[in-house]
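Here is the file final_10.cif (mmCIF, C-alpha atoms).
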```cif
data_coords
loop_
_atom_site.label_atom_id
_atom_site.label_comp_id
_atom_site.auth_asym_id
_atom_site.auth_seq_id
_atom_site.Cartn_x
_atom_site.Cartn_y
_atom_site.Cartn_z
CA GLN A 87 8.65 48.54 152.57
CA ASN A 88 9.90 51.97 151.51
CA ASP A 89 7.05 52.32 149.02
CA GLU A 90 4.53 51.50 151.74
CA ASP A 91 6.11 54.06 154.07
CA ASN A 92 5.97 56.70 151.32
CA GLU A 93 2.32 55.92 150.68
CA ASN A 94 1.54 56.15 154.40
CA ASN A 95 3.39 59.48 154.64
CA ASN A 96 1.52 60.85 151.61
CA SER A 97 -1.76 59.65 153.13
CA LYS A 98 -0.97 61.33 156.44
CA GLN A 99 0.07 64.51 154.62
CA GLU A 100 -3.14 64.49 152.61
CA GLU A 101 -5.24 63.91 155.70
CA PHE A 102 -3.39 66.69 157.50
CA THR A 103 -4.09 69.12 154.65
CA MET A 104 -7.70 68.02 154.40
CA ALA A 105 -8.05 68.28 158.17
CA HIS A 106 -7.02 71.92 157.97
CA PHE A 107 -10.10 72.61 155.86
CA ARG A 108 -12.26 70.93 158.47
CA ASP A 109 -10.63 72.28 161.60
CA LEU A 110 -9.51 75.71 160.43
CA LEU A 111 -11.72 76.86 157.53
CA GLY A 112 -14.71 74.88 158.79
CA LYS A 113 -14.42 76.38 162.26
CA ILE A 114 -14.10 79.90 160.86
CA ILE A 115 -17.11 79.80 158.56
CA SER A 116 -19.22 78.05 161.20
CA ASN A 117 -19.19 81.31 163.11
CA PRO A 118 -22.56 83.12 162.64
CA ILE A 119 -20.88 86.48 162.01
CA VAL A 120 -18.64 84.94 159.33
CA LYS A 121 -21.69 83.29 157.72
CA ILE A 122 -23.43 86.64 157.51
CA SER A 123 -20.25 88.21 156.09
CA ILE A 124 -20.02 85.52 153.39
CA ILE A 125 -23.65 86.10 152.40
CA VAL A 126 -23.02 89.86 152.24
CA ILE A 127 -19.91 89.30 150.11
CA TYR A 128 -21.96 87.03 147.83
CA ILE A 129 -24.63 89.72 147.41
CA ILE A 130 -22.04 92.43 146.71
CA ASN A 131 -20.19 90.17 144.28
CA LEU A 132 -23.40 89.26 142.46
CA SER A 133 -24.46 92.92 142.36
CA PHE A 134 -21.19 93.92 140.69
CA GLY A 135 -21.63 91.02 138.28
CA ILE A 136 -25.17 92.05 137.35
CA TRP A 137 -24.05 95.66 136.94
CA GLY A 138 -21.25 94.55 134.64
CA THR A 139 -23.62 92.53 132.42
CA PHE A 140 -25.42 95.76 131.51
CA HIS A 141 -22.17 97.35 130.37
CA ILE A 142 -20.52 94.51 128.49
CA GLU A 143 -19.78 95.24 124.85
CA HIS A 144 -21.37 93.05 122.20
CA GLY A 145 -19.79 91.74 119.02
CA ILE A 146 -16.25 90.94 118.04
CA LYS A 147 -13.86 93.78 117.26
CA TYR A 148 -11.82 93.56 114.08
CA GLU A 149 -8.80 95.25 115.59
CA ARG A 150 -8.58 92.66 118.37
CA LEU A 151 -8.05 89.83 115.92
CA PHE A 152 -4.64 91.15 114.86
CA PRO A 153 -1.43 91.91 116.78
CA LYS A 154 -1.30 95.37 118.33
CA GLU A 155 1.69 96.35 116.18
CA SER A 156 0.05 95.36 112.88
CA ILE A 157 -0.69 97.98 110.22
CA PHE A 158 -4.34 96.94 110.13
CA THR A 159 -4.77 97.57 113.86
CA GLU A 160 -3.14 100.99 113.57
CA GLY A 161 -5.26 101.98 110.57
CA TYR A 162 -8.49 100.75 112.10
CA GLY A 163 -7.68 102.56 115.34
CA MET A 164 -7.17 105.82 113.45
CA ALA A 165 -10.44 105.38 111.57
CA LEU A 166 -12.28 104.57 114.80
CA LYS A 167 -10.86 107.60 116.59
CA TYR A 168 -11.01 110.30 113.94
CA PHE A 169 -13.30 109.23 111.09
CA ARG A 170 -16.48 107.90 112.69
CA ARG A 171 -18.69 110.96 112.27
CA TYR A 172 -19.80 109.61 108.92
CA SER A 173 -19.46 105.85 109.23
CA TYR A 174 -20.08 103.03 106.78
CA PRO A 175 -23.21 102.82 104.56
CA PHE A 176 -26.20 100.57 105.10
CA HIS A 177 -27.70 98.77 102.12
CA ILE A 178 -31.48 99.09 101.89
CA ILE A 179 -32.50 96.29 99.53
CA ILE A 180 -36.00 96.06 98.05
CA ASN A 181 -36.40 92.31 98.09
CA GLY A 182 -39.32 91.99 95.70
CA THR A 183 -40.65 92.90 92.27
CA LEU A 184 -42.34 96.32 92.20
CA ASP A 185 -43.70 98.59 89.51
CA TYR A 186 -41.38 101.57 90.01
CA SER A 187 -43.25 103.60 87.39
CA ASP A 188 -46.22 103.74 89.78
CA ILE A 189 -46.31 107.07 91.64
CA ASN A 190 -47.65 105.35 94.79
CA VAL A 191 -44.74 102.89 94.80
CA GLN A 192 -42.28 105.76 94.41
CA LYS A 193 -43.87 107.61 97.35
CA SER A 194 -43.77 104.47 99.48
CA ILE A 195 -40.04 104.07 98.83
CA GLU A 196 -39.40 107.75 99.57
CA ASN A 197 -41.35 107.49 102.84
CA LEU A 198 -39.44 104.36 103.80
CA LEU A 199 -36.08 106.04 103.16
CA THR A 200 -37.24 109.06 105.16
CA LYS A 201 -37.96 106.80 108.16
CA PHE A 202 -34.45 105.42 107.95
CA GLU A 203 -32.94 108.90 107.58
CA LYS A 204 -34.71 110.17 110.71
CA HIS A 205 -32.81 107.74 112.90
CA PRO A 206 -30.33 109.63 115.15
CA ASN A 207 -27.43 107.48 113.93
CA ILE A 208 -28.22 107.93 110.24
CA VAL A 209 -27.15 110.96 108.21
CA GLY A 210 -29.87 113.00 106.45
CA GLU A 211 -31.15 112.60 102.90
CA GLU A 212 -28.26 114.58 101.43
CA PHE A 213 -26.05 111.49 101.95
CA THR A 214 -28.60 108.95 100.69
CA VAL A 215 -27.74 107.30 97.39
CA SER A 216 -30.98 106.54 95.53
CA TRP A 217 -31.00 105.58 91.87
CA LEU A 218 -34.76 106.28 91.83
CA LYS A 219 -34.30 109.81 93.15
CA PHE A 220 -31.52 110.57 90.65
CA TYR A 221 -33.52 109.03 87.81
CA LYS A 222 -36.52 111.21 88.61
CA GLU A 223 -34.30 114.30 88.79
CA PHE A 224 -32.74 113.36 85.46
CA GLN A 225 -36.22 113.21 83.89
CA LYS A 226 -36.66 116.91 84.74
CA SER A 227 -33.33 117.97 83.19
CA PRO A 228 -33.09 119.59 79.72
CA VAL A 229 -31.05 116.62 78.44
CA ALA A 230 -33.94 114.27 79.22
CA LYS A 231 -36.27 116.16 76.87
CA PHE A 232 -34.23 114.80 73.99
CA SER A 233 -32.81 111.53 75.35
CA LEU A 234 -36.12 110.35 76.82
CA GLN A 235 -38.25 111.66 74.01
CA GLY A 236 -40.95 109.14 73.16
CA TYR A 237 -40.75 107.41 76.56
CA ASN A 238 -43.81 107.48 78.83
CA MET A 239 -42.52 107.40 82.40
CA SER A 240 -45.94 106.31 83.65
CA ASN A 241 -45.64 103.16 81.55
CA LYS A 242 -43.79 100.33 83.25
CA GLN A 243 -41.84 99.13 80.18
CA ASP A 244 -40.92 102.65 79.07
CA PHE A 245 -39.77 103.43 82.62
CA ILE A 246 -37.48 100.35 82.60
CA ASP A 247 -36.20 100.94 79.04
CA GLY A 248 -35.39 104.59 79.79
CA LEU A 249 -33.62 103.55 82.98
CA ARG A 250 -31.59 100.79 81.35
CA ASP A 251 -30.89 102.21 77.87
CA VAL A 252 -30.59 105.91 78.63
CA PHE A 253 -29.99 106.77 82.27
CA PHE A 254 -27.50 104.00 83.08
CA ASN A 255 -25.52 104.84 79.93
CA ILE A 256 -24.72 108.30 81.27
CA ARG A 257 -21.20 108.27 82.72
CA ALA A 258 -22.29 109.91 85.98
CA ALA A 259 -25.00 107.29 86.50
CA GLN A 260 -23.08 104.17 85.52
CA SER A 261 -22.10 103.50 89.12
CA LEU A 262 -25.82 103.18 89.93
CA SER A 263 -26.42 100.43 87.37
CA ASN A 264 -25.36 97.80 89.91
CA ASP A 265 -28.20 98.90 92.23
CA VAL A 266 -30.91 97.47 90.01
CA VAL A 267 -31.45 93.82 89.02
CA PHE A 268 -33.63 93.15 85.96
CA ASN A 269 -35.25 89.88 85.00
CA SER A 270 -33.96 87.94 81.98
CA ASN A 271 -36.15 89.68 79.39
CA LYS A 272 -35.77 93.15 80.97
CA THR A 273 -39.48 93.59 81.70
CA ASP A 274 -39.32 93.74 85.51
CA ILE A 275 -37.05 95.04 88.25
CA LEU A 276 -36.57 92.07 90.57
CA PHE A 277 -34.44 93.77 93.24
CA SER A 278 -33.08 97.24 93.87
CA ARG A 279 -30.74 98.82 96.37
CA PHE A 280 -30.38 102.17 98.12
CA PHE A 281 -27.67 103.46 100.45
CA ILE A 282 -28.02 105.36 103.72
CA THR A 283 -24.96 106.41 105.76
CA GLY A 284 -24.35 105.75 109.44
CA LYS A 285 -23.40 108.56 111.81
CA ASN A 286 -21.39 108.49 115.07
CA LEU A 287 -21.25 104.70 115.22
CA ASN A 288 -18.35 104.74 117.66
CA SER A 289 -19.28 101.87 119.98
CA SER A 290 -20.68 98.37 119.83
CA TYR A 291 -23.81 99.63 121.59
CA SER A 292 -24.56 102.29 118.98
CA GLU A 293 -23.88 99.83 116.15
CA ARG A 294 -26.07 97.15 117.70
CA ASP A 295 -28.95 99.49 118.56
CA THR A 296 -28.83 101.18 115.16
CA LEU A 297 -28.93 97.91 113.23
CA ARG A 298 -31.72 96.63 115.48
CA ASP A 299 -33.77 99.80 114.89
CA LEU A 300 -33.23 99.67 111.13
CA LEU A 301 -34.29 96.03 111.04
CA LYS A 302 -37.41 96.95 112.99
CA ILE A 303 -38.28 99.68 110.47
CA ALA A 304 -37.76 97.16 107.67
CA ASP A 305 -40.03 94.61 109.38
CA GLU A 306 -42.82 97.16 109.76
CA SER A 307 -42.63 98.23 106.12
CA ASP A 308 -45.30 97.20 103.61
CA ILE A 309 -42.51 96.82 101.06
CA PRO A 310 -40.26 93.72 101.38
CA VAL A 311 -36.97 95.19 102.63
CA LEU A 312 -33.61 93.81 103.74
CA VAL A 313 -31.00 95.81 105.67
CA HIS A 314 -27.30 95.01 105.38
CA CYS A 315 -23.93 96.63 106.05
CA VAL A 316 -20.31 95.58 105.89
CA PHE A 317 -20.27 94.82 109.64
CA ALA A 318 -23.78 93.35 109.80
CA GLY A 319 -22.51 89.83 110.51
CA LEU A 320 -20.37 90.98 113.43
CA ILE A 321 -23.04 93.30 114.84
CA GLU A 322 -25.87 90.80 114.53
CA GLN A 323 -23.63 88.20 116.10
CA GLY A 324 -23.61 90.30 119.27
CA ILE A 325 -27.42 90.52 119.26
CA ILE A 326 -27.86 86.78 118.75
CA ILE A 327 -25.17 85.81 121.26
CA GLY A 328 -26.85 87.91 123.95
CA GLU A 329 -30.02 85.86 123.48
CA ILE A 330 -28.07 82.58 123.49
CA ILE A 331 -26.31 83.46 126.76
CA ARG A 332 -29.62 84.30 128.45
CA GLN A 333 -31.05 80.96 127.28
CA LEU A 334 -27.90 79.23 128.50
CA PHE A 335 -28.48 80.57 132.03
CA TRP A 336 -32.02 79.31 132.58
CA ILE A 337 -31.52 76.06 130.63
CA THR A 338 -28.44 75.31 132.74
CA ALA A 339 -30.36 76.04 135.96
CA ILE A 340 -33.22 73.72 134.97
CA LEU A 341 -30.90 70.91 133.89
CA ILE A 342 -28.79 71.15 137.04
CA THR A 343 -31.88 71.06 139.26
CA THR A 344 -33.33 68.09 137.38
CA VAL A 345 -30.11 66.06 137.29
CA PHE A 346 -29.28 66.78 140.93
CA LEU A 347 -32.75 65.68 142.03
CA LEU A 348 -32.21 62.35 140.28
CA PHE A 349 -29.23 61.59 142.54
CA VAL A 350 -30.13 63.57 145.65
CA PRO A 351 -33.91 63.91 146.10
CA ASN A 352 -33.69 67.20 147.96
CA LEU A 353 -35.33 70.14 146.19
CA LEU A 354 -33.83 72.90 148.37
CA VAL A 355 -30.29 71.60 147.87
CA ALA A 356 -30.84 71.24 144.12
CA ILE A 357 -32.16 74.81 143.89
CA THR A 358 -29.16 76.04 145.93
CA VAL A 359 -26.75 74.40 143.50
CA ALA A 360 -28.62 75.84 140.51
CA ILE A 361 -28.60 79.34 142.03
CA SER A 362 -24.90 79.02 142.78
CA VAL A 363 -24.02 77.93 139.24
CA VAL A 364 -26.13 80.64 137.57
CA SER A 365 -24.71 83.25 139.98
CA ALA A 366 -21.15 82.18 139.09
CA MET A 367 -21.96 82.52 135.39
CA VAL A 368 -23.56 85.95 135.86
CA GLU A 369 -20.62 87.14 137.95
CA THR A 370 -18.17 85.82 135.36
CA LEU A 371 -20.10 87.60 132.60
CA GLY A 372 -20.16 90.84 134.59
CA TYR A 373 -16.48 90.80 135.45
CA MET A 374 -15.70 90.07 131.80
CA SER A 375 -16.84 93.62 131.02
CA TYR A 376 -14.51 95.04 133.70
CA TRP A 377 -11.63 93.05 132.21
CA GLY A 378 -12.27 94.32 128.68
CA ILE A 379 -13.80 91.13 127.26
CA SER A 380 -16.63 91.55 124.75
CA LEU A 381 -19.57 89.21 124.35
CA ASP A 382 -18.75 87.59 121.02
CA ILE A 383 -18.53 84.15 119.45
CA ILE A 384 -15.16 83.43 121.07
CA SER A 385 -16.19 84.41 124.61
CA MET A 386 -19.52 82.59 124.19
CA MET A 387 -17.75 79.36 123.23
CA SER A 388 -15.44 79.78 126.22
CA LEU A 389 -18.40 80.31 128.56
CA ILE A 390 -20.17 77.22 127.23
CA LEU A 391 -17.02 75.16 127.76
CA CYS A 392 -16.73 76.49 131.31
CA VAL A 393 -20.33 75.67 132.26
CA GLY A 394 -19.29 72.12 133.17
CA PHE A 395 -16.47 73.49 135.28
CA SER A 396 -18.84 75.81 137.16
CA VAL A 397 -21.26 72.92 137.80
CA ASN A 398 -18.66 70.41 138.96
CA TYR A 399 -17.46 71.80 142.29
CA PRO A 400 -20.82 73.11 143.62
CA ALA A 401 -22.41 69.73 142.84
CA HIS A 402 -19.58 67.84 144.60
CA ILE A 403 -19.61 69.95 147.77
CA SER A 404 -23.42 69.80 147.95
CA TYR A 405 -23.40 66.04 147.51
CA ALA A 406 -20.72 65.68 150.20
CA TYR A 407 -22.78 67.85 152.58
CA VAL A 408 -26.00 65.95 152.00
CA MET A 409 -24.36 62.53 152.30
CA SER A 410 -22.39 63.42 155.43
CA GLN A 411 -23.21 61.17 158.41
CA CYS A 412 -22.65 63.99 160.90
CA GLU A 413 -25.65 65.14 162.87
CA THR A 414 -25.49 68.93 163.24
CA PRO A 415 -25.42 71.40 160.27
CA ASN A 416 -22.05 72.81 161.29
CA GLU A 417 -20.52 69.36 161.64
CA LYS A 418 -21.83 68.50 158.18
CA LEU A 419 -20.23 71.72 156.93
CA LYS A 420 -16.84 70.75 158.38
CA ASP A 421 -17.10 67.17 157.13
CA SER A 422 -17.92 68.26 153.56
CA LEU A 423 -14.94 70.63 153.58
CA TYR A 424 -12.75 67.81 154.88
CA ARG A 425 -13.76 65.53 152.03
CA ILE A 426 -13.97 67.99 149.11
CA GLY A 427 -12.38 71.28 150.23
CA PHE A 428 -8.75 70.54 149.38
CA PRO A 429 -9.49 68.99 145.94
CA ILE A 430 -11.62 72.03 145.04
CA LEU A 431 -8.89 74.47 146.03
CA GLN A 432 -6.24 72.35 144.34
CA GLY A 433 -8.29 72.04 141.14
CA SER A 434 -9.10 75.76 141.01
CA LEU A 435 -5.50 76.85 141.59
CA THR A 436 -3.98 74.40 139.13
CA THR A 437 -6.56 75.36 136.49
CA GLY A 438 -6.01 79.07 136.99
CA ILE A 439 -2.22 78.81 137.06
CA GLY A 440 -2.07 76.32 134.21
CA ILE A 441 -4.22 78.43 131.91
CA LEU A 442 -1.80 81.37 132.33
CA ILE A 443 0.46 79.55 129.87
CA LEU A 444 -2.06 80.46 127.15
CA TYR A 445 -2.20 84.12 128.15
CA SER A 446 -0.86 86.20 125.26
CA ASP A 447 -1.74 89.01 122.86
CA VAL A 448 -3.60 86.57 120.62
CA TYR A 449 -7.24 87.52 121.18
CA PHE A 450 -8.92 84.13 121.40
CA LEU A 451 -6.21 82.71 123.70
CA CYS A 452 -6.29 85.78 125.92
CA THR A 453 -10.10 85.70 126.10
CA PHE A 454 -10.23 81.99 126.90
CA ALA A 455 -7.58 82.35 129.62
CA LYS A 456 -9.34 85.29 131.28
CA ILE A 457 -12.73 83.55 131.31
CA VAL A 458 -11.30 80.31 132.75
CA ILE A 459 -9.55 82.28 135.52
CA LEU A 460 -12.76 84.14 136.36
CA VAL A 461 -14.82 80.94 136.37
CA ALA A 462 -12.24 79.18 138.57
CA MET A 463 -12.27 82.02 141.12
CA GLU A 464 -16.05 82.40 141.22
CA THR A 465 -16.65 78.64 141.39
CA ALA A 466 -14.11 78.20 144.20
CA PHE A 467 -15.79 80.95 146.22
CA HIS A 468 -19.23 79.39 145.80
CA ALA A 469 -18.09 75.83 146.45
CA LEU A 470 -15.82 76.50 149.44
CA LEU A 471 -17.76 79.28 151.18
CA PHE A 472 -21.20 80.15 149.86
CA ILE A 473 -22.79 76.70 149.39
CA PRO A 474 -21.59 75.20 152.72
CA VAL A 475 -22.88 78.28 154.57
CA ILE A 476 -26.25 78.30 152.78
CA LEU A 477 -26.75 74.55 153.26
CA SER A 478 -25.88 74.79 156.96
CA ILE A 479 -28.47 77.56 157.34
CA ILE A 480 -31.10 75.56 155.40
CA TYR A 481 -30.45 72.43 157.49
CA ALA A 482 -30.60 74.45 160.70
CA ILE A 483 -33.91 76.11 159.77
CA PHE A 484 -35.67 73.00 158.48
CA ASN A 485 -34.10 70.60 161.02
CA TYR A 486 -32.93 68.04 158.46
#
```

Write-out of the structure in structure tokens:
Amino acid sequence: QNDEDNENNNSKQEEFTMAHFRDLLGKIISNPIVKISIIVIYIINLSFGIWGTFHIEHGIKYERLFPKESIFTEGYGMALKYFRRYSYPFHIIINGTLDYSDINVQKSIENLLTKFEKHPNIVGEEFTVSWLKFYKEFQKSPVAKFSLQGYNMSNKQDFIDGLRDVFFNIRAAQSLSNDVVFNSNKTDILFSRFFITGKNLNSSYSERDTLRDLLKIADESDIPVLVHCVFAGLIEQGIIIGEIIRQLFWITAILITTVFLLFVPNLLVAITVAISVVSAMVETLGYMSYWGISLDIISMMSLILCVGFSVNYPAHISYAYVMSQCETPNEKLKDSLYRIGFPILQGSLTTGIGILILYSDVYFLCTFAKIVILVAMETAFHALLFIPVILSIIYAIFNY
């Protein structure tokens, strides 16, 4: 008997709480002025989110992967603050067999390096390390008249023999010997490498744009060229992830619309849910930039994991609205809030509060916690306020 009484009390308590969403929140947002205010808030919120997406940093930061008090973080911070005028070198790799004794090939390589050096974030030719340039200068020196005597620099084999047997044996040039790869019988140069130096690469934007521009120059070259640097993997990760996130948005919207139509054959409602989910993702992405979260592999994985969370509540509230037996749009609004409102609020709060346990200085835990909190807040706003208001307006206009 006591157990039945407890169950009845819990049921009454639950109905009382749920009724508050219908009678209090439902009544408030049924007011036309409040509806307009919610739409205005949605537009402002989305605008801030879109603005933030244009300012989010791309790529993971090395210093964030280690504790703030670590020696590595301190050293990297010093280098980033004081020693970024001349940054790290970029490897320009000739990815093909060429006849370097040919004057035309030499001019093509010089012109290619000049294009790289003219980039605003690349230092001039005085910082370029080119074994070909130094080899040609060596050929004009007085020492070369004796050491290269009998070699014809216009002949391919003599050019290679002089490079390998004479030039690379000079102490000052030995460090350049690793920039040339010969074939097994030393008759061809299979690959070669040159170095250009970055300048003022003090942000993820400058690093990303510089690498992208250098790759474009390499793609347009008649010579097969590869561009690489020590941070290329991290920088390119930011470029690729940006594309993946954009694909994630429209693919998610299409899938949500399609799946929702299978269960509720109402195109306008399905589009509303899709718009709500994509808006929540855009807003989350934008506010990530305000909260100091970069767009990297860790944040991307967190966003993908949270897509299901951002779909769940909007789909439930929309389904409850459509399936409501009430007649007027505002009554449907109140009924959907009665059925789903409290679980949505409860789920969002418990998720946000529960994830705070993971909040710490560890980068991937901190990033995941921040993104989940943002998604929970944005999804709750859309599910409890925006979608019921929009659906009530749609039903009122089209007389469903």

Notebook entry, point to check: When distances are computed from only C-alpha atoms, which of A:Ala482, A:Gly438, A:Ala406, A:Gly135 shows the smallest separation from Leu470 in chain A?
Noted result: A:Ala406

Notebook entry, point to check: Exactly which residues make up the result of the PyMOL selection byres ((chain A and resi 451) around 12) on this file, given as a list of chain:residue names?
Noted result: A:Arg150, A:Leu151, A:Ile379, A:Ile384, A:Ser385, A:Ser388, A:Ile441, A:Leu442, A:Ile443, A:Leu444, A:Tyr445, A:Ser446, A:Asp447, A:Val448, A:Tyr449, A:Phe450, A:Cys452, A:Thr453, A:Phe454, A:Ala455, A:Lys456, A:Ile457, A:Val458

Save the residues we just selected, C-alpha atoms, as an mmCIF file, keeping the file's coordinate frame?
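Ended up saving to out17.cif:
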```cif
data_model
loop_
_atom_site.group_PDB
_atom_site.id
_atom_site.type_symbol
_atom_site.label_atom_id
_atom_site.label_comp_id
_atom_site.auth_asym_id
_atom_site.auth_seq_id
_atom_site.Cartn_x
_atom_site.Cartn_y
_atom_site.Cartn_z
ATOM 1 C CA ARG A 150 -8.580 92.660 118.370
ATOM 2 C CA LEU A 151 -8.050 89.830 115.920
ATOM 3 C CA ILE A 379 -13.800 91.130 127.260
ATOM 4 C CA ILE A 384 -15.160 83.430 121.070
ATOM 5 C CA SER A 385 -16.190 84.410 124.610
ATOM 6 C CA SER A 388 -15.440 79.780 126.220
ATOM 7 C CA ILE A 441 -4.220 78.430 131.910
ATOM 8 C CA LEU A 442 -1.800 81.370 132.330
ATOM 9 C CA ILE A 443 0.460 79.550 129.870
ATOM 10 C CA LEU A 444 -2.060 80.460 127.150
ATOM 11 C CA TYR A 445 -2.200 84.120 128.150
ATOM 12 C CA SER A 446 -0.860 86.200 125.260
ATOM 13 C CA ASP A 447 -1.740 89.010 122.860
ATOM 14 C CA VAL A 448 -3.600 86.570 120.620
ATOM 15 C CA TYR A 449 -7.240 87.520 121.180
ATOM 16 C CA PHE A 450 -8.920 84.130 121.400
ATOM 17 C CA CYS A 452 -6.290 85.780 125.920
ATOM 18 C CA THR A 453 -10.100 85.700 126.100
ATOM 19 C CA PHE A 454 -10.230 81.990 126.900
ATOM 20 C CA ALA A 455 -7.580 82.350 129.620
ATOM 21 C CA LYS A 456 -9.340 85.290 131.280
ATOM 22 C CA ILE A 457 -12.730 83.550 131.310
ATOM 23 C CA VAL A 458 -11.300 80.310 132.750
#
```

Check: Counting all atoms listed in the file, which of A:Val475, A:Gly427, A:Asn197, A:Asn271 gets nearest to Val120 in chain A?
Finding: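 Looking at the shortest contact to Val120 in chain A, the residue is A:Val475.
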
Could you expand the PyMOL selection byres ((chain A and resi 356) around 10) into the explicit residues it covers here, written as a PDB file with C-alpha atoms, in the frame of the given file?
```pdb
ATOM      1  CA  ALA A 339     -30.360  76.040 135.960  1.00  0.00           C
ATOM      2  CA  ILE A 340     -33.220  73.720 134.970  1.00  0.00           C
ATOM      3  CA  ILE A 342     -28.790  71.150 137.040  1.00  0.00           C
ATOM      4  CA  THR A 343     -31.880  71.060 139.260  1.00  0.00           C
ATOM      5  CA  THR A 344     -33.330  68.090 137.380  1.00  0.00           C
ATOM      6  CA  VAL A 345     -30.110  66.060 137.290  1.00  0.00           C
ATOM      7  CA  PHE A 346     -29.280  66.780 140.930  1.00  0.00           C
ATOM      8  CA  LEU A 347     -32.750  65.680 142.030  1.00  0.00           C
ATOM      9  CA  LEU A 348     -32.210  62.350 140.280  1.00  0.00           C
ATOM     10  CA  PHE A 349     -29.230  61.590 142.540  1.00  0.00           C
ATOM     11  CA  VAL A 350     -30.130  63.570 145.650  1.00  0.00           C
ATOM     12  CA  PRO A 351     -33.910  63.910 146.100  1.00  0.00           C
ATOM     13  CA  ASN A 352     -33.690  67.200 147.960  1.00  0.00           C
ATOM     14  CA  LEU A 353     -35.330  70.140 146.190  1.00  0.00           C
ATOM     15  CA  LEU A 354     -33.830  72.900 148.370  1.00  0.00           C
ATOM     16  CA  VAL A 355     -30.290  71.600 147.870  1.00  0.00           C
ATOM     17  CA  ILE A 357     -32.160  74.810 143.890  1.00  0.00           C
ATOM     18  CA  THR A 358     -29.160  76.040 145.930  1.00  0.00           C
ATOM     19  CA  VAL A 359     -26.750  74.400 143.500  1.00  0.00           C
ATOM     20  CA  ALA A 360     -28.620  75.840 140.510  1.00  0.00           C
ATOM     21  CA  ILE A 361     -28.600  79.340 142.030  1.00  0.00           C
ATOM     22  CA  SER A 362     -24.900  79.020 142.780  1.00  0.00           C
ATOM     23  CA  ALA A 401     -22.410  69.730 142.840  1.00  0.00           C
ATOM     24  CA  SER A 404     -23.420  69.800 147.950  1.00  0.00           C
ATOM     25  CA  TYR A 405     -23.400  66.040 147.510  1.00  0.00           C
TER      26      TYR A 405
END
```

Check: Do you know which residues the PyMOL selection byres ((chain A and resi 238-241) around 10) returns on this file, as a PyMOL selection string?
Finding: chain A and resi 185-189+222+225+234-237+242-249

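Using only C-alpha atoms, the nearest neighbour of Leu199 in chain A within the list A:Ala469, A:Ile327, A:Ala304, A:Ile119 is A:Ala304.
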
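Comparing A:Asp421, A:Asp382, A:Glu329, A:Glu464 by their smallest distance to Val364 in chain A, the closest is A:Glu464 (using only C-alpha atoms).
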
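Shortest atom-to-atom contact with Gly163 in chain A among A:Asn398, A:Ser410, A:Arg108, A:Asn288: A:Asn288, counting only C-alpha atoms.
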
Need the shell around range 252-256 of chain A: protein/DNA/RNA residues with any atom at most 10 Å away, counting only C-alpha atoms. Skip same-chain ones fewer than 2 positions apart. Format as a CSV table (one decimal) with C-alpha atoms, keeping the file's coordinate frame?
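Output below, filename out34.csv:
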```csv
chain,number,residue,atom,x,y,z
A,217,TRP,CA,-31.0,105.6,91.9
A,220,PHE,CA,-31.5,110.6,90.6
A,221,TYR,CA,-33.5,109.0,87.8
A,224,PHE,CA,-32.7,113.4,85.5
A,225,GLN,CA,-36.2,113.2,83.9
A,230,ALA,CA,-33.9,114.3,79.2
A,233,SER,CA,-32.8,111.5,75.4
A,234,LEU,CA,-36.1,110.4,76.8
A,246,ILE,CA,-37.5,100.4,82.6
A,247,ASP,CA,-36.2,100.9,79.0
A,248,GLY,CA,-35.4,104.6,79.8
A,249,LEU,CA,-33.6,103.6,83.0
A,250,ARG,CA,-31.6,100.8,81.4
A,258,ALA,CA,-22.3,109.9,86.0
A,259,ALA,CA,-25.0,107.3,86.5
A,260,GLN,CA,-23.1,104.2,85.5
A,261,SER,CA,-22.1,103.5,89.1
A,262,LEU,CA,-25.8,103.2,89.9
A,263,SER,CA,-26.4,100.4,87.4
A,264,ASN,CA,-25.4,97.8,89.9
```

Notebook entry, point to check: Using only C-alpha atoms, which residue out of A:Thr273, A:Gln333, A:Ser123, A:Ser380 lies closest to Ser290 in chain A?
Noted result: A:Ser380

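The space separating CA of Asn131 in chain A from CA of Ser396 in chain A comes to 16.1 Å.
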
Check: In Å to one decimal, how far is CA of Leu460 in chain A from CA of Gly378 in chain A?
Finding: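 Calculated distance between CA of Gly378 in chain A and CA of Leu460 in chain A is 12.8 Å.
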